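structure-v7.tsv follows; it contains TSV, N, CA and C atoms.
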chain	number	residue	atom	x	y	z
A	1	MET	N	342.26	28.28	133.37
A	1	MET	CA	341.82	29.41	134.17
A	1	MET	C	340.35	29.21	134.48
A	2	THR	N	339.98	29.51	135.69
A	2	THR	CA	338.60	29.43	136.13
A	2	THR	C	338.15	30.82	136.57
A	3	LEU	N	336.97	31.20	136.10
A	3	LEU	CA	336.42	32.49	136.49
A	3	LEU	C	335.20	32.25	137.36
A	4	ALA	N	335.07	33.02	138.42
A	4	ALA	CA	333.91	32.90	139.31
A	4	ALA	C	332.67	33.41	138.60
A	5	ARG	N	331.61	32.65	138.68
A	5	ARG	CA	330.36	33.07	138.05
A	5	ARG	C	329.78	34.27	138.76
A	6	ASP	N	329.31	35.20	137.98
A	6	ASP	CA	328.64	36.39	138.48
A	6	ASP	C	329.50	37.25	139.41
A	7	ALA	N	330.80	37.14	139.30
A	7	ALA	CA	331.68	38.00	140.10
A	7	ALA	C	331.60	39.42	139.53
A	8	PRO	N	331.50	40.43	140.39
A	8	PRO	CA	331.41	41.80	139.88
A	8	PRO	C	332.75	42.34	139.37
A	9	ARG	N	333.85	41.72	139.81
A	9	ARG	CA	335.19	42.15	139.41
A	9	ARG	C	336.07	40.94	139.16
A	10	VAL	N	336.98	41.10	138.20
A	10	VAL	CA	337.96	40.06	137.89
A	10	VAL	C	339.34	40.71	137.91
A	11	PHE	N	340.28	40.09	138.62
A	11	PHE	CA	341.65	40.55	138.67
A	11	PHE	C	342.54	39.43	138.13
A	12	LEU	N	343.33	39.72	137.10
A	12	LEU	CA	344.22	38.73	136.50
A	12	LEU	C	345.64	39.29	136.45
A	13	ASP	N	346.59	38.50	136.90
A	13	ASP	CA	347.99	38.91	136.90
A	13	ASP	C	348.71	38.20	135.77
A	14	ASP	N	348.95	38.92	134.69
A	14	ASP	CA	349.69	38.45	133.51
A	14	ASP	C	349.20	37.09	133.01
A	15	PRO	N	347.90	36.99	132.69
A	15	PRO	CA	347.34	35.70	132.27
A	15	PRO	C	347.85	35.22	130.92
A	16	THR	N	348.49	36.10	130.14
A	16	THR	CA	348.99	35.71	128.82
A	16	THR	C	350.50	35.50	128.82
A	17	ASN	N	351.10	35.36	129.99
A	17	ASN	CA	352.54	35.22	130.10
A	17	ASN	C	353.07	33.97	129.38
A	18	HIS	N	352.43	32.83	129.56
A	18	HIS	CA	352.96	31.59	129.00
A	18	HIS	C	352.20	31.04	127.81
A	19	PRO	N	350.91	31.29	127.65
A	19	PRO	CA	350.21	30.69	126.51
A	19	PRO	C	350.72	31.23	125.18
A	20	ASP	N	350.52	30.41	124.12
A	20	ASP	CA	350.80	30.90	122.78
A	20	ASP	C	349.69	31.87	122.39
A	21	VAL	N	349.71	32.36	121.16
A	21	VAL	CA	348.73	33.36	120.74
A	21	VAL	C	347.30	32.84	120.90
A	22	GLY	N	347.06	31.59	120.49
A	22	GLY	CA	345.72	31.02	120.64
A	22	GLY	C	345.31	30.91	122.09
A	23	GLY	N	346.23	30.51	122.94
A	23	GLY	CA	345.94	30.40	124.37
A	23	GLY	C	345.64	31.74	125.00
A	24	ALA	N	346.35	32.77	124.55
A	24	ALA	CA	346.09	34.12	125.07
A	24	ALA	C	344.67	34.57	124.71
A	25	CYS	N	344.25	34.26	123.49
A	25	CYS	CA	342.88	34.62	123.08
A	25	CYS	C	341.85	33.84	123.90
A	26	GLU	N	342.14	32.58	124.20
A	26	GLU	CA	341.23	31.78	125.02
A	26	GLU	C	341.04	32.38	126.41
A	27	VAL	N	342.05	33.07	126.89
A	27	VAL	CA	341.97	33.72	128.20
A	27	VAL	C	341.24	35.06	128.09
A	28	LEU	N	341.63	35.88	127.12
A	28	LEU	CA	341.16	37.26	127.09
A	28	LEU	C	339.79	37.46	126.45
A	29	VAL	N	339.39	36.61	125.52
A	29	VAL	CA	338.08	36.78	124.88
A	29	VAL	C	336.95	36.58	125.90
A	30	PRO	N	336.96	35.53	126.73
A	30	PRO	CA	335.90	35.41	127.73
A	30	PRO	C	335.90	36.57	128.74
A	31	VAL	N	337.07	37.08	129.06
A	31	VAL	CA	337.15	38.21	129.99
A	31	VAL	C	336.52	39.45	129.34
A	32	ALA	N	336.79	39.66	128.06
A	32	ALA	CA	336.18	40.79	127.34
A	32	ALA	C	334.66	40.64	127.31
A	33	TRP	N	334.18	39.43	127.12
A	33	TRP	CA	332.74	39.18	127.11
A	33	TRP	C	332.14	39.51	128.48
A	34	LEU	N	332.80	39.06	129.55
A	34	LEU	CA	332.32	39.39	130.90
A	34	LEU	C	332.21	40.89	131.09
A	35	ASN	N	333.20	41.61	130.59
A	35	ASN	CA	333.21	43.06	130.74
A	35	ASN	C	332.09	43.71	129.94
A	36	ARG	N	331.97	43.35	128.69
A	36	ARG	CA	331.02	44.04	127.82
A	36	ARG	C	329.58	43.55	127.98
A	37	ALA	N	329.39	42.27	128.12
A	37	ALA	CA	328.02	41.73	128.19
A	37	ALA	C	327.46	41.73	129.60
A	38	LYS	N	328.31	41.51	130.58
A	38	LYS	CA	327.84	41.39	131.96
A	38	LYS	C	328.18	42.60	132.83
A	39	GLY	N	328.97	43.54	132.31
A	39	GLY	CA	329.32	44.72	133.09
A	39	GLY	C	330.33	44.47	134.19
A	40	CYS	N	331.05	43.38	134.08
A	40	CYS	CA	332.06	43.01	135.07
A	40	CYS	C	333.29	43.92	134.91
A	41	SER	N	333.79	44.46	136.00
A	41	SER	CA	335.03	45.24	135.96
A	41	SER	C	336.21	44.28	135.91
A	42	CYS	N	337.14	44.53	135.00
A	42	CYS	CA	338.29	43.64	134.83
A	42	CYS	C	339.58	44.43	134.94
A	43	VAL	N	340.45	43.99	135.82
A	43	VAL	CA	341.77	44.57	135.97
A	43	VAL	C	342.77	43.49	135.60
A	44	ILE	N	343.57	43.75	134.58
A	44	ILE	CA	344.50	42.74	134.07
A	44	ILE	C	345.89	43.33	133.99
A	45	VAL	N	346.86	42.68	134.61
A	45	VAL	CA	348.26	43.06	134.49
A	45	VAL	C	348.79	42.40	133.22
A	46	LEU	N	349.29	43.22	132.29
A	46	LEU	CA	349.87	42.71	131.04
A	46	LEU	C	351.23	43.35	130.84
A	47	HIS	N	352.19	42.56	130.37
A	47	HIS	CA	353.50	43.10	130.04
A	47	HIS	C	353.66	43.26	128.54
A	48	ASP	N	352.76	42.69	127.76
A	48	ASP	CA	352.80	42.79	126.30
A	48	ASP	C	351.91	43.96	125.89
A	49	LEU	N	352.53	45.04	125.43
A	49	LEU	CA	351.77	46.24	125.10
A	49	LEU	C	350.84	46.04	123.91
A	50	ASP	N	351.22	45.19	122.94
A	50	ASP	CA	350.32	44.91	121.81
A	50	ASP	C	349.05	44.22	122.29
A	51	THR	N	349.17	43.33	123.26
A	51	THR	CA	347.98	42.69	123.82
A	51	THR	C	347.11	43.72	124.52
A	52	ALA	N	347.74	44.64	125.23
A	52	ALA	CA	346.98	45.71	125.88
A	52	ALA	C	346.25	46.56	124.85
A	53	ILE	N	346.93	46.89	123.75
A	53	ILE	CA	346.31	47.70	122.69
A	53	ILE	C	345.05	47.00	122.17
A	54	CYS	N	345.12	45.69	122.02
A	54	CYS	CA	343.99	44.94	121.45
A	54	CYS	C	342.84	44.75	122.43
A	55	HIS	N	343.10	44.69	123.71
A	55	HIS	CA	342.07	44.26	124.66
A	55	HIS	C	341.67	45.29	125.71
A	56	ALA	N	342.47	46.30	125.92
A	56	ALA	CA	342.18	47.23	127.02
A	56	ALA	C	341.45	48.49	126.54
A	57	ASP	N	340.64	49.03	127.42
A	57	ASP	CA	340.02	50.33	127.17
A	57	ASP	C	340.83	51.43	127.85
A	58	ARG	N	341.36	51.09	129.02
A	58	ARG	CA	342.16	52.03	129.81
A	58	ARG	C	343.44	51.31	130.23
A	59	VAL	N	344.48	52.09	130.49
A	59	VAL	CA	345.77	51.50	130.84
A	59	VAL	C	346.47	52.38	131.87
A	60	VAL	N	347.29	51.72	132.69
A	60	VAL	CA	348.16	52.42	133.64
A	60	VAL	C	349.58	51.94	133.35
A	61	LEU	N	350.49	52.87	133.12
A	61	LEU	CA	351.89	52.49	132.92
A	61	LEU	C	352.63	52.66	134.24
A	62	PHE	N	353.42	51.64	134.58
A	62	PHE	CA	354.20	51.65	135.81
A	62	PHE	C	355.68	51.77	135.47
A	63	ASP	N	356.40	52.48	136.30
A	63	ASP	CA	357.85	52.60	136.17
A	63	ASP	C	358.44	52.43	137.56
A	64	GLY	N	359.23	51.39	137.73
A	64	GLY	CA	359.83	51.13	139.04
A	64	GLY	C	358.79	50.87	140.12
A	65	GLY	N	357.67	50.25	139.76
A	65	GLY	CA	356.63	49.94	140.73
A	65	GLY	C	355.68	51.08	141.03
A	66	ARG	N	355.88	52.23	140.39
A	66	ARG	CA	355.02	53.40	140.59
A	66	ARG	C	354.16	53.63	139.36
A	67	ALA	N	352.88	53.90	139.55
A	67	ALA	CA	352.01	54.29	138.45
A	67	ALA	C	352.43	55.70	138.02
A	68	VAL	N	352.77	55.86	136.74
A	68	VAL	CA	353.22	57.18	136.28
A	68	VAL	C	352.23	57.87	135.36
A	69	ILE	N	351.35	57.11	134.71
A	69	ILE	CA	350.35	57.73	133.84
A	69	ILE	C	349.22	56.74	133.62
A	70	ALA	N	348.00	57.27	133.55
A	70	ALA	CA	346.83	56.42	133.35
A	70	ALA	C	345.83	57.13	132.47
A	71	GLY	N	345.05	56.35	131.73
A	71	GLY	CA	344.01	56.95	130.90
A	71	GLY	C	343.56	56.02	129.80
A	72	ALA	N	342.87	56.58	128.83
A	72	ALA	CA	342.39	55.80	127.69
A	72	ALA	C	343.58	55.24	126.92
A	73	ILE	N	343.44	54.02	126.43
A	73	ILE	CA	344.54	53.32	125.76
A	73	ILE	C	345.17	54.16	124.66
A	74	GLY	N	344.36	54.82	123.83
A	74	GLY	CA	344.90	55.61	122.74
A	74	GLY	C	345.65	56.85	123.19
A	75	ASP	N	345.33	57.35	124.37
A	75	ASP	CA	346.01	58.53	124.90
A	75	ASP	C	347.31	58.17	125.61
A	76	ILE	N	347.39	56.95	126.15
A	76	ILE	CA	348.54	56.57	126.98
A	76	ILE	C	349.59	55.79	126.21
A	77	LEU	N	349.17	54.83	125.40
A	77	LEU	CA	350.16	54.05	124.65
A	77	LEU	C	350.53	54.81	123.37
A	78	THR	N	351.35	55.82	123.58
A	78	THR	CA	351.88	56.64	122.49
A	78	THR	C	353.39	56.45	122.43
A	79	ARG	N	353.96	56.83	121.32
A	79	ARG	CA	355.41	56.73	121.16
A	79	ARG	C	356.12	57.45	122.30
A	80	ALA	N	355.70	58.67	122.60
A	80	ALA	CA	356.38	59.46	123.64
A	80	ALA	C	356.31	58.78	125.00
A	81	HIS	N	355.13	58.28	125.38
A	81	HIS	CA	355.00	57.64	126.69
A	81	HIS	C	355.78	56.33	126.77
A	82	VAL	N	355.71	55.50	125.74
A	82	VAL	CA	356.44	54.22	125.77
A	82	VAL	C	357.93	54.48	125.84
A	83	GLU	N	358.41	55.43	125.06
A	83	GLU	CA	359.85	55.73	125.08
A	83	GLU	C	360.28	56.29	126.43
A	84	ALA	N	359.45	57.15	127.03
A	84	ALA	CA	359.80	57.75	128.32
A	84	ALA	C	359.79	56.72	129.44
A	85	VAL	N	358.79	55.84	129.48
A	85	VAL	CA	358.66	54.89	130.58
A	85	VAL	C	359.59	53.69	130.42
A	86	PHE	N	359.70	53.16	129.19
A	86	PHE	CA	360.45	51.93	128.98
A	86	PHE	C	361.83	52.15	128.38
A	87	GLY	N	362.12	53.36	127.93
A	87	GLY	CA	363.44	53.65	127.37
A	87	GLY	C	363.72	52.95	126.06
A	88	VAL	N	362.67	52.64	125.30
A	88	VAL	CA	362.83	51.93	124.04
A	88	VAL	C	362.24	52.78	122.92
A	89	ARG	N	363.03	53.04	121.89
A	89	ARG	CA	362.48	53.74	120.73
A	89	ARG	C	361.43	52.87	120.09
A	90	CYS	N	360.35	53.47	119.63
A	90	CYS	CA	359.28	52.69	119.04
A	90	CYS	C	358.44	53.54	118.11
A	91	ARG	N	357.55	52.87	117.42
A	91	ARG	CA	356.52	53.52	116.62
A	91	ARG	C	355.22	52.76	116.89
A	92	ILE	N	354.11	53.49	116.86
A	92	ILE	CA	352.78	52.89	116.92
A	92	ILE	C	352.28	52.97	115.47
A	93	VAL	N	352.05	51.80	114.86
A	93	VAL	CA	351.81	51.73	113.42
A	93	VAL	C	350.42	51.16	113.14
A	94	ALA	N	349.69	51.82	112.25
A	94	ALA	CA	348.40	51.30	111.78
A	94	ALA	C	348.67	50.33	110.63
A	95	LEU	N	348.03	49.18	110.68
A	95	LEU	CA	348.18	48.20	109.61
A	95	LEU	C	346.87	48.08	108.84
A	96	PRO	N	346.94	47.97	107.52
A	96	PRO	CA	345.72	47.81	106.74
A	96	PRO	C	344.94	46.57	107.17
A	97	GLY	N	343.64	46.73	107.30
A	97	GLY	CA	342.80	45.60	107.67
A	97	GLY	C	342.77	45.28	109.15
A	98	ARG	N	343.42	46.07	109.96
A	98	ARG	CA	343.45	45.83	111.40
A	98	ARG	C	342.97	47.08	112.12
A	99	GLU	N	342.01	46.90	112.99
A	99	GLU	CA	341.44	48.04	113.71
A	99	GLU	C	342.44	48.67	114.68
A	100	GLU	N	343.14	47.81	115.44
A	100	GLU	CA	344.09	48.32	116.42
A	100	GLU	C	345.47	48.46	115.80
A	101	PRO	N	346.21	49.48	116.21
A	101	PRO	CA	347.59	49.61	115.73
A	101	PRO	C	348.49	48.60	116.44
A	102	VAL	N	349.72	48.50	116.00
A	102	VAL	CA	350.71	47.65	116.67
A	102	VAL	C	351.88	48.51	117.11
A	103	LEU	N	352.57	48.05	118.13
A	103	LEU	CA	353.75	48.74	118.63
A	103	LEU	C	354.97	48.04	118.05
A	104	VAL	N	355.82	48.81	117.40
A	104	VAL	CA	357.06	48.27	116.85
A	104	VAL	C	358.20	48.90	117.62
A	105	ALA	N	358.95	48.07	118.34
A	105	ALA	CA	360.08	48.56	119.13
A	105	ALA	C	361.37	48.41	118.34
A	106	PHE	N	362.31	49.28	118.61
A	106	PHE	CA	363.61	49.26	117.94
A	106	PHE	C	364.69	48.98	118.98
A	107	PRO	N	364.97	47.70	119.25
A	107	PRO	CA	365.93	47.37	120.32
A	107	PRO	C	367.35	47.82	120.03
A	108	GLN	N	367.70	48.01	118.76
A	108	GLN	CA	369.06	48.44	118.45
A	108	GLN	C	369.37	49.78	119.08
A	109	ALA	N	368.39	50.67	119.09
A	109	ALA	CA	368.62	51.99	119.70
A	109	ALA	C	368.88	51.86	121.19
A	110	LEU	N	368.14	50.99	121.87
A	110	LEU	CA	368.36	50.76	123.29
A	110	LEU	C	369.73	50.14	123.50
A	111	ALA	N	370.10	49.20	122.64
A	111	ALA	CA	371.41	48.56	122.77
A	111	ALA	C	372.53	49.59	122.65
A	112	ARG	N	372.40	50.50	121.69
A	112	ARG	CA	373.42	51.54	121.55
A	112	ARG	C	373.46	52.45	122.77
A	113	ALA	N	372.29	52.77	123.32
A	113	ALA	CA	372.22	53.62	124.51
A	113	ALA	C	372.87	52.93	125.71
A	114	CYS	N	372.86	51.60	125.71
A	114	CYS	CA	373.48	50.84	126.80
A	114	CYS	C	374.97	50.62	126.58
A	115	GLY	N	375.51	51.15	125.50
A	115	GLY	CA	376.94	51.06	125.27
A	115	GLY	C	377.38	49.92	124.35
A	116	PHE	N	376.42	49.14	123.81
A	116	PHE	CA	376.78	48.09	122.87
A	116	PHE	C	377.09	48.73	121.53
A	117	THR	N	378.11	48.24	120.85
A	117	THR	CA	378.49	48.86	119.58
A	117	THR	C	378.20	47.98	118.38
A	118	THR	N	378.06	46.68	118.56
A	118	THR	CA	377.78	45.78	117.43
A	118	THR	C	376.61	44.87	117.76
A	119	ALA	N	375.96	44.37	116.72
A	119	ALA	CA	374.85	43.43	116.93
A	119	ALA	C	375.34	42.18	117.65
A	120	ALA	N	376.54	41.73	117.35
A	120	ALA	CA	377.07	40.54	118.01
A	120	ALA	C	377.22	40.77	119.51
A	121	GLU	N	377.59	41.98	119.87
A	121	GLU	CA	377.77	42.29	121.29
A	121	GLU	C	376.44	42.28	122.03
A	122	TRP	N	375.39	42.91	121.48
A	122	TRP	CA	374.13	43.00	122.20
A	122	TRP	C	373.25	41.78	122.06
A	123	THR	N	373.55	40.88	121.15
A	123	THR	CA	372.77	39.64	121.06
A	123	THR	C	373.51	38.46	121.67
A	124	GLY	N	374.71	38.70	122.19
A	124	GLY	CA	375.51	37.62	122.77
A	124	GLY	C	374.90	37.09	124.06
A	125	ILE	N	375.39	35.94	124.48
A	125	ILE	CA	374.86	35.28	125.67
A	125	ILE	C	375.23	36.05	126.93
A	126	SER	N	376.41	36.64	126.97
A	126	SER	CA	376.84	37.36	128.16
A	126	SER	C	377.15	38.81	127.83
A	127	PRO	N	376.11	39.64	127.59
A	127	PRO	CA	376.38	41.03	127.25
A	127	PRO	C	376.88	41.80	128.46
A	128	PRO	N	377.62	42.88	128.25
A	128	PRO	CA	378.06	43.71	129.37
A	128	PRO	C	376.86	44.40	130.01
A	129	ALA	N	377.02	44.85	131.23
A	129	ALA	CA	375.94	45.55	131.92
A	129	ALA	C	375.63	46.87	131.20
A	130	CYS	N	374.38	47.26	131.25
A	130	CYS	CA	373.96	48.49	130.61
A	130	CYS	C	374.64	49.68	131.27
A	131	ARG	N	375.27	50.51	130.46
A	131	ARG	CA	375.95	51.70	130.98
A	131	ARG	C	375.15	52.96	130.69
A	132	GLY	N	373.94	52.79	130.09
A	132	GLY	CA	373.17	53.96	129.70
A	132	GLY	C	372.34	54.55	130.81
A	133	GLY	N	372.29	53.89	131.97
A	133	GLY	CA	371.54	54.43	133.10
A	133	GLY	C	370.18	54.03	133.09

Rewrite the structure of this file - the entire thing - as structure tokens.
Amino acid sequence: MTLARDAPRVFLDDPTNHPDVGGACEVLVPVAWLNRAKGCSCVIVLHDLDTAICHADRVVLFDGGRAVIAGAIGDILTRAHVEAVFGVRCRIVALPGREEPVLVAFPQALARACGFTTAAEWTGISPPACRGG
């Protein structure tokens, strides 16, 4: 990744999609430095909510291509909002020794909502289409 020197704004579309954990840090740490030390505005599309929790100050949740809620990370990435927007039961959990909480999703609940009755059914290669809407 190359960043323009002295750019007032940085826009990144899912820069952590393919790198491993170390590669993701190599991308996001310099961006955080640009934001905090240089005052650069950074807009980053992320699909990993834990990465957003660790690196974002503000977040916008999209549903079906529409922005549905925006605000401070701690106000927006809550159990109620994640469950409403993504349809996945979850908990936001504080871990000892870690400043940021982590999001723990419970895919079994989503699988049951989609009509799967056994773990073998929802983890299979060709699962039936979701009937939960």

Atomic separation - atom N of A:Val10 relative to atom N of A:Asp50, Å: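 About the pair atom N of A:Asp50 and atom N of A:Val10: they are 21.3 Å apart.
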
If I take atom CA of A:Val43 and atom CA of A:Ala84, how far is one from the other in Å, to one decimal?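 Separation between atom CA of A:Val43 and atom CA of A:Ala84: 23.6 Å.
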
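In terms of minimum interatomic distance to A:Pro8, A:Ser41 ranks closest within A:Ser41, A:Glu26, A:Val31, A:Asp20, counting all atoms listed in the file.
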
So which one's closest to A:Thr78, A:Pro15, A:Pro101, A:Pro96, A:Gly65? Using only C-alpha atoms, please. A:Pro101

Which residue out of A:Gly74, A:Cys25, A:Arg66, A:Leu12 has the minimum interatomic distance to A:Ile44 when all atoms listed in the file are used?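 Residue with the minimum atom-to-atom distance to A:Ile44: A:Leu12.
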
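The spacing separating atom CA of A:Arg91 from atom CA of A:Val21 amounts to 22.0 Å.
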
Near A:Asp75, counting only C-alpha atoms, which residues have an atom at most 12 Å away, once you skip same-chain residues fewer than 2 positions from it, shown as a list in words?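 What passes the distance filter is Ile53, Asp57, Arg58, Val59, Val60, Leu61, Ile69, Ala70, Gly71, Ala72, Ile73, Leu77, Thr78, Arg79, Ala80, His81, Val82 and Ile92 of chain A.
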
For the selection just defined, write its residues with N, CA and C atoms to a file, as a PDB file, in the coordinates of the input.
ATOM      1  N   ILE A  53     346.930  46.890 123.750  1.00  0.00           N
ATOM      2  CA  ILE A  53     346.310  47.700 122.690  1.00  0.00           C
ATOM      3  C   ILE A  53     345.050  47.000 122.170  1.00  0.00           C
ATOM      4  N   ASP A  57     340.640  49.030 127.420  1.00  0.00           N
ATOM      5  CA  ASP A  57     340.020  50.330 127.170  1.00  0.00           C
ATOM      6  C   ASP A  57     340.830  51.430 127.850  1.00  0.00           C
ATOM      7  N   ARG A  58     341.360  51.090 129.020  1.00  0.00           N
ATOM      8  CA  ARG A  58     342.160  52.030 129.810  1.00  0.00           C
ATOM      9  C   ARG A  58     343.440  51.310 130.230  1.00  0.00           C
ATOM     10  N   VAL A  59     344.480  52.090 130.490  1.00  0.00           N
ATOM     11  CA  VAL A  59     345.770  51.500 130.840  1.00  0.00           C
ATOM     12  C   VAL A  59     346.470  52.380 131.870  1.00  0.00           C
ATOM     13  N   VAL A  60     347.290  51.720 132.690  1.00  0.00           N
ATOM     14  CA  VAL A  60     348.160  52.420 133.640  1.00  0.00           C
ATOM     15  C   VAL A  60     349.580  51.940 133.350  1.00  0.00           C
ATOM     16  N   LEU A  61     350.490  52.870 133.120  1.00  0.00           N
ATOM     17  CA  LEU A  61     351.890  52.490 132.920  1.00  0.00           C
ATOM     18  C   LEU A  61     352.630  52.660 134.240  1.00  0.00           C
ATOM     19  N   ILE A  69     351.350  57.110 134.710  1.00  0.00           N
ATOM     20  CA  ILE A  69     350.350  57.730 133.840  1.00  0.00           C
ATOM     21  C   ILE A  69     349.220  56.740 133.620  1.00  0.00           C
ATOM     22  N   ALA A  70     348.000  57.270 133.550  1.00  0.00           N
ATOM     23  CA  ALA A  70     346.830  56.420 133.350  1.00  0.00           C
ATOM     24  C   ALA A  70     345.830  57.130 132.470  1.00  0.00           C
ATOM     25  N   GLY A  71     345.050  56.350 131.730  1.00  0.00           N
ATOM     26  CA  GLY A  71     344.010  56.950 130.900  1.00  0.00           C
ATOM     27  C   GLY A  71     343.560  56.020 129.800  1.00  0.00           C
ATOM     28  N   ALA A  72     342.870  56.580 128.830  1.00  0.00           N
ATOM     29  CA  ALA A  72     342.390  55.800 127.690  1.00  0.00           C
ATOM     30  C   ALA A  72     343.580  55.240 126.920  1.00  0.00           C
ATOM     31  N   ILE A  73     343.440  54.020 126.430  1.00  0.00           N
ATOM     32  CA  ILE A  73     344.540  53.320 125.760  1.00  0.00           C
ATOM     33  C   ILE A  73     345.170  54.160 124.660  1.00  0.00           C
ATOM     34  N   LEU A  77     349.170  54.830 125.400  1.00  0.00           N
ATOM     35  CA  LEU A  77     350.160  54.050 124.650  1.00  0.00           C
ATOM     36  C   LEU A  77     350.530  54.810 123.370  1.00  0.00           C
ATOM     37  N   THR A  78     351.350  55.820 123.580  1.00  0.00           N
ATOM     38  CA  THR A  78     351.880  56.640 122.490  1.00  0.00           C
ATOM     39  C   THR A  78     353.390  56.450 122.430  1.00  0.00           C
ATOM     40  N   ARG A  79     353.960  56.830 121.320  1.00  0.00           N
ATOM     41  CA  ARG A  79     355.410  56.730 121.160  1.00  0.00           C
ATOM     42  C   ARG A  79     356.120  57.450 122.300  1.00  0.00           C
ATOM     43  N   ALA A  80     355.700  58.670 122.600  1.00  0.00           N
ATOM     44  CA  ALA A  80     356.380  59.460 123.640  1.00  0.00           C
ATOM     45  C   ALA A  80     356.310  58.780 125.000  1.00  0.00           C
ATOM     46  N   HIS A  81     355.130  58.280 125.380  1.00  0.00           N
ATOM     47  CA  HIS A  81     355.000  57.640 126.690  1.00  0.00           C
ATOM     48  C   HIS A  81     355.780  56.330 126.770  1.00  0.00           C
ATOM     49  N   VAL A  82     355.710  55.500 125.740  1.00  0.00           N
ATOM     50  CA  VAL A  82     356.440  54.220 125.770  1.00  0.00           C
ATOM     51  C   VAL A  82     357.930  54.480 125.840  1.00  0.00           C
ATOM     52  N   ILE A  92     354.110  53.490 116.860  1.00  0.00           N
ATOM     53  CA  ILE A  92     352.780  52.890 116.920  1.00  0.00           C
ATOM     54  C   ILE A  92     352.280  52.970 115.470  1.00  0.00           C
TER      55      ILE A  92
END

Please give the centre and size of the box around stretch 56-75 of chain A (axis-aligned, containing every atom listed in the file, 8 Å added per side), with values in Å to one decimal and written as lines of an AutoDock Vina configuration file.
center_x = 349.9
center_y = 52.4
center_z = 131.9
size_x = 35.8
size_y = 28.2
size_z = 34.3

Which is closest to A:Arg9 among A:Ala105, A:Cys42, A:Gly97, A:Ala56, if we use all atoms listed in the file?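 Smallest separation from A:Arg9 among the options: A:Cys42.
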